[in-house]
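What follows is a short report on a single structure.
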Amino acid sequence: MPSFPHPESVTICEINRDLITAETLSDDQAKEAYGKALGITFTPIPFQSDYLVNAEDDTGVQNKTVLQSILSGSWERLFRPNSAKLLPEIDFHGISWHQHKRIIAFTSGPDQVTVCDYDDSEGKETCFLISESQRSVKALEWRPNGGRTLSVACRGGICIWSASFPGNAAPVRSGVTAGTVSGSSGIRWTLVDYLQGHADEQVTALSWSPDGRYLASASYESSSFTIWDVAQGLGTQIRRGLGGISILKWSPTGDYFFSAKLDGTFYLWETSTWTSELWSSTSGLVTGASWDPDGHMVLIAFSGSSTLGSIHFASNPPSLDAHLLPIELQEIQSLTLSRGIEKIAWDASGERLALSYKVGEKLYEGLIAIYDVRRTPLISASLVGFIRGPGENVRPMSLSFHDKFKQGALLSVCWSSGYCCTYPLIFH
């Protein structure tokens with residue numbers, strides 16, 4: 001039977017398909033459940049959630065104010081006025097794990113990013129990245145093969161932060177006003193570059209190429225996305241269709257690229273010549289997309305369906321010949337009565353899938369469903385159980401897996417109650 005958390009409990013971790021719960025968040029509970037086995041506990045990190053909750057709340061007057069403030073002339077030219085209702089369905093990628101280290105970064109305020117190093121020898125090291133250039137943070141992502149370098153999507157452009165150590169200062173691009181934040185262990189975070197976007201456009205999506213050379217960025221206010229050669233500081237715009245862009249995802253091999261738009265269309269690109277194939281959805285907006293570890297397929301979630309789609313490539317790159325297969329999540333339909341998926345995250349091992357969904361049955365409101373995934377020969381998913389966050393009437397705002405966790409999968413979630421919680425899913 002899938003694990004279901006009692007309404008007055010909080011989830012701690014998974015142990016071989018059993019999701020362990022406790023009455024309250026506690027380091028002692030974490031140590032008892034998994035800390036002794038892993039040699040580490042992931043203490044929840046508090047943050048300022050009010051702004052983030054209001055920005056996602058599509059039911060109250062506050063959200064109307066937020067939407068009115070961010071709707072620009074370019075949005076109005078691209079969409080009919082009633083398209084504003086799609087904004088709350090966009091999954092801004094507000095949390096990211098470093099590829100190789102146990103360092104997490106997440107949006108913790110309107111203009112602020114929190115970075116927490118769980119490997120710091122003196123204990124958990126937390127820094128807050130703030131700069132005059134960093135306005136209205138909407139997404140962030142660590143740079144692959146780039147040391148401790150973090151990209152942050154803002155209004156007007158992209159902030160690039162880099163960590164340096166005593167005697168080894170990070171170089172700052174000429175013309176960039178460097179901001180510096182120092183941590184207790186001697187690490188200094190420096191704003192080393194600022195990639196200037198179009199006008200004062202709000203950047204809302206980021207994706208690094210797997211080699212860390214190129215950074216793709218886009219906005220829901222524009223129908224084009226930009227491929228940045230970060231070393232040169234130069235960007236090339238690419239445009240297909242008319243709708244604003246909600247999601248960008250580079251494949252793990254770098255051969256393919258996925259982009260989704262607010263009009264229900266999405267594109268598969270091959271990156272040798274940047275040609276594309278247009279696909280369209282009959283199940284609403286694409287709310288999430290994640291590549292499998294080998295880059296041979298991409299998993300897609302839709303706002304109007306609890307059935308996922310998996311796109312399989314029929315031949316090797318640069319071929320765009322592919323076919324779409326459904327993945328039924330029967331428990332989501334039967335237990336929660338949900339009709340749409342809000343956010344998804346797929347572990348880099350390909351064995352755990354986390355997703356949030358539109359509320360149907362109140363008993364299952366605000367939970368995250370965890371699935372055990374098999375990929376041989378086609379994708380199948382079986383429900384492990386549900387994760388419940390801390391606080392009353394809480395809901396997940398963003399979620400992300402660590403790419404390398406030997407004992408299974410490592411999931412982090414930013415909850416509307418103002419905590420970023422990390423859940424070891426131990427199944428090896």
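Order determines the names: the first chain of the structure tokens is A, the second B, and so forth; residues in each chain are numbered 1 upward, and ligands are numbered 1 upward as they are shown.
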Could you name the residues that touch segment 266-270 of chain A at 7 Å or less, counting only C-alpha atoms, but leaving out those on the same chain fewer than 4 positions away, as a tab-separated table (two decimals) with all heavy atoms, in the first residue's frame?
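That gives us part_31.tsv:
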```
chain	number	residue	atom	x	y	z
A	255	ASP	N	22.42	17.19	-27.01
A	255	ASP	CA	22.01	17.05	-28.40
A	255	ASP	C	20.63	17.64	-28.66
A	255	ASP	O	20.32	18.03	-29.79
A	255	ASP	CB	22.00	15.58	-28.81
A	255	ASP	CG	23.37	14.94	-28.71
A	255	ASP	OD1	24.31	15.52	-29.27
A	255	ASP	OD2	23.50	13.87	-28.08
A	256	TYR	N	19.79	17.67	-27.62
A	256	TYR	CA	18.42	18.12	-27.79
A	256	TYR	C	18.07	19.21	-26.78
A	256	TYR	O	18.73	19.37	-25.75
A	256	TYR	CB	17.44	16.95	-27.65
A	256	TYR	CG	17.52	15.93	-28.75
A	256	TYR	CD1	17.99	14.64	-28.49
A	256	TYR	CD2	17.14	16.25	-30.05
A	256	TYR	CE1	18.07	13.70	-29.51
A	256	TYR	CE2	17.21	15.31	-31.07
A	256	TYR	CZ	17.67	14.04	-30.80
A	256	TYR	OH	17.75	13.11	-31.80
A	257	PHE	N	17.00	19.91	-27.10
A	257	PHE	CA	16.56	21.04	-26.28
A	257	PHE	C	15.04	21.09	-26.34
A	257	PHE	O	14.45	20.89	-27.41
A	257	PHE	CB	17.17	22.33	-26.84
A	257	PHE	CG	16.92	23.57	-26.02
A	257	PHE	CD1	17.71	23.84	-24.91
A	257	PHE	CD2	15.92	24.46	-26.36
A	257	PHE	CE1	17.50	24.98	-24.16
A	257	PHE	CE2	15.70	25.60	-25.61
A	257	PHE	CZ	16.49	25.87	-24.51
A	258	PHE	N	14.41	21.33	-25.20
A	258	PHE	CA	12.95	21.37	-25.11
A	258	PHE	C	12.51	22.77	-24.70
A	258	PHE	O	13.08	23.39	-23.80
A	258	PHE	CB	12.47	20.36	-24.07
A	258	PHE	CG	10.99	20.36	-23.83
A	258	PHE	CD1	10.16	19.53	-24.55
A	258	PHE	CD2	10.43	21.19	-22.87
A	258	PHE	CE1	8.78	19.52	-24.33
A	258	PHE	CE2	9.07	21.20	-22.64
A	258	PHE	CZ	8.24	20.36	-23.37
A	259	SER	N	11.48	23.29	-25.37
A	259	SER	CA	10.89	24.57	-24.96
A	259	SER	C	9.37	24.45	-25.03
A	259	SER	O	8.83	23.80	-25.92
A	259	SER	CB	11.37	25.72	-25.85
A	259	SER	OG	10.94	25.57	-27.19
A	260	ALA	N	8.70	25.07	-24.07
A	260	ALA	CA	7.24	25.04	-24.02
A	260	ALA	C	6.71	26.46	-23.93
A	260	ALA	O	7.34	27.35	-23.35
A	260	ALA	CB	6.75	24.22	-22.82
A	261	LYS	N	5.52	26.66	-24.52
A	261	LYS	CA	4.91	27.98	-24.56
A	261	LYS	C	3.57	28.00	-23.85
A	261	LYS	O	2.96	26.95	-23.59
A	261	LYS	CB	4.74	28.44	-26.02
A	261	LYS	CG	6.06	28.73	-26.73
A	261	LYS	CD	5.82	29.11	-28.19
A	261	LYS	CE	7.12	29.57	-28.85
A	261	LYS	NZ	7.52	30.91	-28.40
A	274	TRP	N	20.04	23.81	-34.77
A	274	TRP	CA	18.92	24.51	-34.15
A	274	TRP	C	17.69	24.51	-35.04
A	274	TRP	O	17.06	25.55	-35.28
A	274	TRP	CB	19.32	25.92	-33.73
A	274	TRP	CG	20.17	25.89	-32.49
A	274	TRP	CD1	21.53	25.99	-32.45
A	274	TRP	CD2	19.74	25.69	-31.14
A	274	TRP	NE1	21.98	25.86	-31.15
A	274	TRP	CE2	20.90	25.68	-30.33
A	274	TRP	CE3	18.50	25.50	-30.54
A	274	TRP	CZ2	20.84	25.50	-28.95
A	274	TRP	CZ3	18.44	25.33	-29.16
A	274	TRP	CH2	19.60	25.33	-28.39
A	275	THR	N	17.36	23.34	-35.57
A	275	THR	CA	16.07	23.15	-36.20
A	275	THR	C	15.12	22.52	-35.18
A	275	THR	O	15.58	21.92	-34.20
A	275	THR	CB	16.18	22.24	-37.44
A	275	THR	OG1	16.75	20.98	-37.04
A	275	THR	CG2	17.07	22.88	-38.50
A	276	SER	N	13.82	22.64	-35.43
A	276	SER	CA	12.86	22.23	-34.41
A	276	SER	C	11.67	21.53	-35.01
A	276	SER	O	11.40	21.62	-36.22
A	276	SER	CB	12.38	23.44	-33.61
A	276	SER	OG	11.65	24.33	-34.44
A	277	GLU	N	10.95	20.83	-34.14
A	277	GLU	CA	9.71	20.16	-34.49
A	277	GLU	C	8.64	20.65	-33.53
A	277	GLU	O	8.81	20.63	-32.31
A	277	GLU	CB	9.87	18.64	-34.37
A	277	GLU	CG	8.71	17.84	-34.93
A	277	GLU	CD	8.73	17.76	-36.44
A	277	GLU	OE1	9.82	17.84	-37.04
A	277	GLU	OE2	7.64	17.60	-37.01
A	278	LEU	N	7.51	21.12	-34.10
A	278	LEU	CA	6.43	21.66	-33.29
A	278	LEU	C	5.48	20.55	-32.85
A	278	LEU	O	5.08	19.71	-33.65
A	278	LEU	CB	5.67	22.72	-34.09
A	278	LEU	CG	4.35	23.23	-33.49
A	278	LEU	CD1	4.61	23.97	-32.19
A	278	LEU	CD2	3.62	24.12	-34.48
A	279	TRP	N	5.11	20.58	-31.57
A	279	TRP	CA	4.09	19.68	-31.03
A	279	TRP	C	3.02	20.54	-30.37
A	279	TRP	O	3.29	21.67	-29.95
A	279	TRP	CB	4.68	18.75	-29.97
A	279	TRP	CG	5.73	17.80	-30.47
A	279	TRP	CD1	6.95	18.12	-31.00
A	279	TRP	CD2	5.65	16.38	-30.50
A	279	TRP	NE1	7.64	16.99	-31.34
A	279	TRP	CE2	6.86	15.91	-31.05
A	279	TRP	CE3	4.68	15.46	-30.10
A	279	TRP	CZ2	7.13	14.56	-31.21
A	279	TRP	CZ3	4.93	14.11	-30.25
A	279	TRP	CH2	6.15	13.66	-30.81
A	280	SER	N	1.81	20.03	-30.28
A	280	SER	CA	0.75	20.77	-29.62
A	280	SER	C	0.03	19.87	-28.61
A	280	SER	O	-0.05	18.65	-28.80
A	280	SER	CB	-0.26	21.32	-30.63
A	280	SER	OG	-0.87	20.28	-31.36
A	318	PRO	N	21.17	13.93	-35.07
A	318	PRO	CA	20.23	15.04	-34.84
A	318	PRO	C	18.79	14.78	-35.27
A	318	PRO	O	18.01	15.73	-35.42
A	318	PRO	CB	20.84	16.15	-35.69
A	318	PRO	CG	21.44	15.43	-36.85
A	318	PRO	CD	21.96	14.13	-36.31
A	320	LEU	N	14.93	14.31	-35.36
A	320	LEU	CA	13.83	14.73	-34.51
A	320	LEU	C	12.63	13.80	-34.62
A	320	LEU	O	11.54	14.13	-34.16
A	320	LEU	CB	13.42	16.17	-34.87
A	320	LEU	CG	14.39	17.26	-34.42
A	320	LEU	CD1	14.04	18.60	-35.04
A	320	LEU	CD2	14.41	17.38	-32.89
```
Return as a Markdown table the residues of segment 224-267 of chain A lying at most 12 Å from segment 134-141 of chain A, together with the closest atom-to-atom pair for each and the distance in Å to one decimal, counting only C-alpha atoms, with rows in chain order and ascending residue number.
```
| residue | atom | partner | partner_atom | distance |
| --- | --- | --- | --- | --- |
| A:Ser246 | CA | A:Ala139 | CA | 11.2 |
| A:Ile247 | CA | A:Ala139 | CA | 10.7 |
| A:Leu248 | CA | A:Ala139 | CA | 11.3 |
| A:Lys249 | CA | A:Glu141 | CA | 11.4 |
```
Exercise. Counting only C-alpha atoms, which of A:Ala231, A:Cys154, A:Ile12, A:Leu38 gets nearest to Ala218 of chain A?
Worked result: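 Once distances to Ala218 of chain A are computed over only C-alpha atoms, the minimum belongs to A:Cys154.
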Problem set entry | Residues near segment 416-427 of chain A, cut-off 6 Å, only C-alpha atoms, skip fewer than 2 positions along chain, as a PyMOL selection string | chain A and resi 13-16+42+44-49+53+391+394-395+407-414
Exercise. Tyr118 of chain A: which residues within 9 Å, counting only C-alpha atoms, same-chain residues fewer than 2 positions away excluded, as a list in words?
Worked result: Ile40, Thr41, Phe42, Thr43, Lys101, Arg102, Ile103, Ile104, Cys116, Asp120, Ser121, Gly123, Lys124, Glu125 and Thr126 of chain A
Saved selection, atoms kept: N, CA, C and O atoms, as an mmCIF file, in the first residue's frame:
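That gives us part05.cif:
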```cif
data_model
loop_
_atom_site.group_PDB
_atom_site.id
_atom_site.type_symbol
_atom_site.label_atom_id
_atom_site.label_comp_id
_atom_site.auth_asym_id
_atom_site.auth_seq_id
_atom_site.Cartn_x
_atom_site.Cartn_y
_atom_site.Cartn_z
ATOM 1 N N ILE A 40 24.693 12.451 8.055
ATOM 2 C CA ILE A 40 24.318 13.855 7.889
ATOM 3 C C ILE A 40 22.817 13.976 8.069
ATOM 4 O O ILE A 40 22.063 13.040 7.800
ATOM 5 N N THR A 41 22.384 15.130 8.582
ATOM 6 C CA THR A 41 20.957 15.455 8.609
ATOM 7 C C THR A 41 20.756 16.774 7.870
ATOM 8 O O THR A 41 21.615 17.662 7.929
ATOM 9 N N PHE A 42 19.639 16.877 7.175
ATOM 10 C CA PHE A 42 19.347 18.061 6.378
ATOM 11 C C PHE A 42 18.324 18.918 7.125
ATOM 12 O O PHE A 42 17.122 18.729 7.003
ATOM 13 N N THR A 43 18.844 19.855 7.913
ATOM 14 C CA THR A 43 17.987 20.723 8.717
ATOM 15 C C THR A 43 17.143 21.619 7.808
ATOM 16 O O THR A 43 17.679 22.227 6.874
ATOM 17 N N LYS A 101 28.121 18.845 -5.327
ATOM 18 C CA LYS A 101 28.262 19.105 -3.902
ATOM 19 C C LYS A 101 26.886 19.202 -3.249
ATOM 20 O O LYS A 101 25.875 19.391 -3.923
ATOM 21 N N ARG A 102 26.885 19.058 -1.918
ATOM 22 C CA ARG A 102 25.615 19.177 -1.208
ATOM 23 C C ARG A 102 25.381 20.644 -0.839
ATOM 24 O O ARG A 102 25.364 21.033 0.322
ATOM 25 N N ILE A 103 25.209 21.453 -1.906
ATOM 26 C CA ILE A 103 24.931 22.879 -1.775
ATOM 27 C C ILE A 103 23.621 23.152 -2.501
ATOM 28 O O ILE A 103 23.457 22.799 -3.664
ATOM 29 N N ILE A 104 22.698 23.783 -1.805
ATOM 30 C CA ILE A 104 21.393 24.071 -2.381
ATOM 31 C C ILE A 104 21.179 25.579 -2.438
ATOM 32 O O ILE A 104 21.654 26.321 -1.565
ATOM 33 N N CYS A 116 22.775 27.350 0.793
ATOM 34 C CA CYS A 116 23.114 26.593 1.996
ATOM 35 C C CYS A 116 24.068 25.459 1.630
ATOM 36 O O CYS A 116 23.772 24.653 0.750
ATOM 37 N N ASP A 120 29.658 22.078 4.692
ATOM 38 C CA ASP A 120 30.577 22.976 5.382
ATOM 39 C C ASP A 120 31.086 22.324 6.669
ATOM 40 O O ASP A 120 30.310 21.799 7.471
ATOM 41 N N SER A 121 32.405 22.358 6.852
ATOM 42 C CA SER A 121 33.033 21.642 7.975
ATOM 43 C C SER A 121 32.657 22.221 9.329
ATOM 44 O O SER A 121 32.707 21.530 10.344
ATOM 45 N N GLY A 123 29.697 23.304 10.140
ATOM 46 C CA GLY A 123 28.249 23.246 10.283
ATOM 47 C C GLY A 123 27.587 23.846 9.057
ATOM 48 O O GLY A 123 28.233 24.352 8.160
ATOM 49 N N LYS A 124 26.271 23.777 9.033
ATOM 50 C CA LYS A 124 25.521 24.266 7.882
ATOM 51 C C LYS A 124 25.812 25.742 7.626
ATOM 52 O O LYS A 124 25.580 26.598 8.471
ATOM 53 N N GLU A 125 26.361 26.066 6.452
ATOM 54 C CA GLU A 125 26.717 27.432 6.085
ATOM 55 C C GLU A 125 25.627 28.020 5.195
ATOM 56 O O GLU A 125 25.288 27.454 4.153
ATOM 57 N N THR A 126 25.015 29.130 5.612
ATOM 58 C CA THR A 126 23.951 29.762 4.849
ATOM 59 C C THR A 126 24.324 31.190 4.512
ATOM 60 O O THR A 126 24.750 31.947 5.381
#
```
Residues of segment 242-326 of chain A within 9 Å of segment 356-380 of chain A: nearest atom pair and distance (Å, one decimal) for each, counting only C-alpha atoms, sorted by chain and number, as a Markdown table?
```
| residue | atom | partner | partner_atom | distance |
| --- | --- | --- | --- | --- |
| A:Ser303 | CA | A:Lys358 | CA | 8.2 |
| A:Ser306 | CA | A:Tyr357 | CA | 7.9 |
| A:Ser310 | CA | A:Ile379 | CA | 7.7 |
| A:Leu325 | CA | A:Leu378 | CA | 8.9 |
```
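In this structure, atom CA of Ala22 of chain A sits 11.0 Å away from atom CA of Pro7 of chain A.
A straight line drawn from atom CA of Trp250 of chain A to atom CA of Leu383 of chain A is 27.4 Å long.
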Problem set entry | Contacts of segment 288-290 of chain A at 8 Å (only C-alpha atoms; same-chain gap of 2+ positions) as a ChimeraX atom specification | /A:91,247,249,286,292,298-302,342-346
Exercise. What separation in Å, quoted to one decimal, exists between atom CA of Gln196 of chain A and atom CA of Pro110 of chain A?
Worked result: 19.2 Å
For this session: Between A:Phe405, A:Phe225, A:Trp161, A:Trp142, single out the one closest to His98 of chain A, counting only C-alpha atoms.
Result: A:Trp142
For this session: Among the residues of segment 101-262 of chain A, find those DSSP assigns to strand (DSSP E) from the backbone and print them as a ChimeraX atom specification.
Result: /A:103-109,112-117,125-129,139-142,149-154,157-164,180-182,188-196,205-208,214-218,224-229,234-239,245-250,256-261
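The residue that comes closest to Thr226 of chain A, out of A:Val176, A:Ala163, A:Ile158, A:Ile20 and on the basis of only C-alpha atoms, is A:Ile158.
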